[in-house]
Amino acid sequence: MKLVDVGKFGVGVYNVRGSLHAIVNYCSHEGAPLCLGLIGGTNEADPAAPGGLRRTREGQIVRCPWHNWEFDVTTGCNVADPRRRVRTYQVDVSDGEVYVSA
Amino acid sequence: MIIDTNVQPHFRSNAEIRRYLPEAHQLRAIPDVEQQWYQAPGGDYRKDLYGEHYPGSDPETVARHLFDDGGAQFAILNPLTRGNIADYLLNSRICAAVNDWLLDQWLEPDTSGRFRGTIRVNPEDPRGAVAEIERLAAHPKLVQVGVPMQSREPYGKPVFEPIWEAAAAHGLPVAVHINGGNGVDYAPTFAGHAHTYPGYAAFMPLNYFVHLATLIVEGTFGRHPGLKFVFADGGYDILTPLMWRLDTFWLSMRDQTPWVDRYPSEYLPDHVRFCSSAFDGPTEADQMQRWMEFSAKADLVMYGSSYPHWSTSSPEVTAADLKGVDAAQSEKVLWRNASELYGLAVKEATR
């Protein structure tokens, strides 16, 4: 993740398996600096797996440092309730330069 | 129109249960129904009903009070057993004796068809509980399974799941009600023992929330879409703030229980009902409407008298409590929710 100092809160740019995604550094819950949270995966229910859990979406889920809300950086959607979103930005790469557009 | 969803019929005397116990258990010690430390002053039941026999023990008198005087069209009988007994196999025989007595004395002689009954089972004997459900589920007048509020583990734990699975397979809701008798006693509050009866009576019903929370969080409701729980001691008035807490924690830590695939509060309409209780609700009547609207409680609450408990609420009193609530919601509470849950067709014309 690279935190870019643009706009009011900054924008986090993530490299998810070679594809670039950008979200605002501002949690939709209470305004925490979301992009300072850990990036990783999340858990899905899998009755056949040990503990009933399966790890999934590795490298694309950011956990808010304040209250652990999970967001998918590729969509901006909260994992628990997709209606609770954070803003995403278009990312383009041109001649080796990365452009984030709002 | 009235359906009374919470009535406790009693044996004429504590010893009468022995007529229904197998010979092999006849000599065993069994607690009396009111044998416990937290006793209501003057007895647990309406003073005017103590007589030669126990309150609520004569079907004709109970029918007169509930149907003729109270105006109910149906009453769900949910008898007490005798506490959580250390010998869980004996307790399963006590449950079976109560069920056989309910059929023998109440349901089968009732030609008017207004009483419905409960299959009491002992959750500390899961195999025995499932067997008891299988033995009786086909009886058309037995409309729910009954278990005690008191439990050494919350009801969302996997050890109990076969019982709920059997109930759901037969389309029977599971009613949780504070049991009578003093077997192996558990502390009545989250933080231990209450000092006196008011502390017990006010807070004991709230234990339902631990059962409810685990049934949601451990995935029981998610795995059994047809499973319904009725919390028969009430406590619906504390539902909303506690569900807020569950919803809040789910948003933060959903990844620990991802089988909970919706807000915990979203399980309520399909899985949870409450009987009304004299102890529930705002003390100011003009706050009732607002409070009922939180968590859409008018869809969850069913009138229950708790007859013959000392706190019995008549339909008149409950209707008066609901006076500030709009007519459609009040109708749901007084009969419509129960009619849907138990499949009871209420004749619109009567009364």
# chains A, B, ... in the order shown; residues from 1 in each chain; ligands from 1
$ residues_around --residues "range 48-60 of chain B" --least-positions-apart "3" --cutoff "8 Å" --atoms "only C-alpha atoms" --output "list of chain:residue names"
B:Gln8, B:Pro9, B:His10, B:Phe11, B:Arg12, B:Ser13, B:Tyr45, B:Ala63, B:Arg64, B:Gln105, B:Trp106, B:Tyr307, B:Pro308
$ closest_atom_pairs --of "chain B" --to "chain A" --cutoff "9 Å" --atoms "only C-alpha atoms" --output "CSV"
residue,atom,partner,partner_atom,distance
B:Trp250,CA,A:Ala80,CA,7.7
B:Leu251,CA,A:Ala80,CA,5.8
B:Ser252,CA,A:Trp69,CA,4.7
B:Met253,CA,A:Asn68,CA,6.7
B:Arg254,CA,A:Ala80,CA,6.4
B:Asp255,CA,A:Asn43,CA,5.0
B:Gln256,CA,A:Asn43,CA,7.3
B:Thr257,CA,A:Ala45,CA,7.5
B:Pro258,CA,A:Ala45,CA,5.2
B:Trp259,CA,A:Ala45,CA,5.1
B:Val260,CA,A:Ala45,CA,8.6
B:Asp261,CA,A:Ala80,CA,7.6
B:Arg262,CA,A:Ala80,CA,7.5
B:Tyr263,CA,A:Ala80,CA,8.1
$ atom_distance --atom1 "CA of Ser94 in chain A" --atom2 "CA of Phe71 in chain A"
27.2 Å
$ closest_residue --among "B:Phe294, B:Phe74, B:Phe274, B:Phe249" --to "Arg116 in chain B" --atoms "only C-alpha atoms"
B:Phe74
$ residues_around --residues "Gly113 in chain B" --least-positions-apart "6" --cutoff "10 Å" --atoms "only C-alpha atoms" --output "PyMOL selection string"
chain B and resi 73-75+107+141
$ write_last_selection --atoms "C-alpha atoms" --output "PDB file, in the first residue's frame"
ATOM      1  CA  GLN B  73     -60.172 -18.557  22.068  1.00  0.00           C
ATOM      2  CA  PHE B  74     -57.122 -20.728  22.553  1.00  0.00           C
ATOM      3  CA  ALA B  75     -54.604 -21.273  25.331  1.00  0.00           C
ATOM      4  CA  LEU B 107     -55.715 -32.245  26.058  1.00  0.00           C
ATOM      5  CA  LYS B 141     -52.693 -30.812  20.053  1.00  0.00           C
TER       6      LYS B 141
END
$ residues_around --residues "His29 in chain A" --least-positions-apart "2" --cutoff "9 Å" --atoms "only C-alpha atoms" --output "list in words"
Tyr26, Cys27, Gly31, Ala32, His67, Trp69 and Arg84 of chain A
$ atom_distance --atom1 "CA of Met243 in chain B" --atom2 "CA of Cys275 in chain B"
18.0 Å
$ closest_residue --among "A:Tyr89, A:Val11, A:Leu34, A:Gly96" --to "Thr75 in chain A" --atoms "only C-alpha atoms"
A:Tyr89
$ residues_around --residues "Tyr267 in chain B" --least-positions-apart "5" --cutoff "8 Å" --atoms "only C-alpha atoms" --output "PDB file with N, CA and C atoms, in the first residue's frame"
ATOM      1  N   ILE B 216     -27.869 -17.401  17.530  1.00  0.00           N
ATOM      2  CA  ILE B 216     -27.533 -16.616  16.337  1.00  0.00           C
ATOM      3  C   ILE B 216     -26.055 -16.781  16.008  1.00  0.00           C
ATOM      4  N   PHE B 221     -29.491 -20.908  14.076  1.00  0.00           N
ATOM      5  CA  PHE B 221     -30.607 -20.434  13.246  1.00  0.00           C
ATOM      6  C   PHE B 221     -30.251 -20.506  11.765  1.00  0.00           C
ATOM      7  N   ARG B 262     -25.789 -12.284   7.990  1.00  0.00           N
ATOM      8  CA  ARG B 262     -26.614 -11.072   7.974  1.00  0.00           C
ATOM      9  C   ARG B 262     -26.485 -10.447   9.357  1.00  0.00           C
ATOM     10  N   VAL B 272     -37.699 -15.845  16.110  1.00  0.00           N
ATOM     11  CA  VAL B 272     -37.855 -15.494  17.529  1.00  0.00           C
ATOM     12  C   VAL B 272     -39.222 -14.887  17.815  1.00  0.00           C
TER      13      VAL B 272
END
$ select_by_dssp --residues "range 117-342 of chain B" --states "helix (DSSP H, G or I)" --output "PyMOL selection string"
chain B and resi 126-136+158-169+197-217+220-223+236-256+264-271+285-299+315-321+327-342
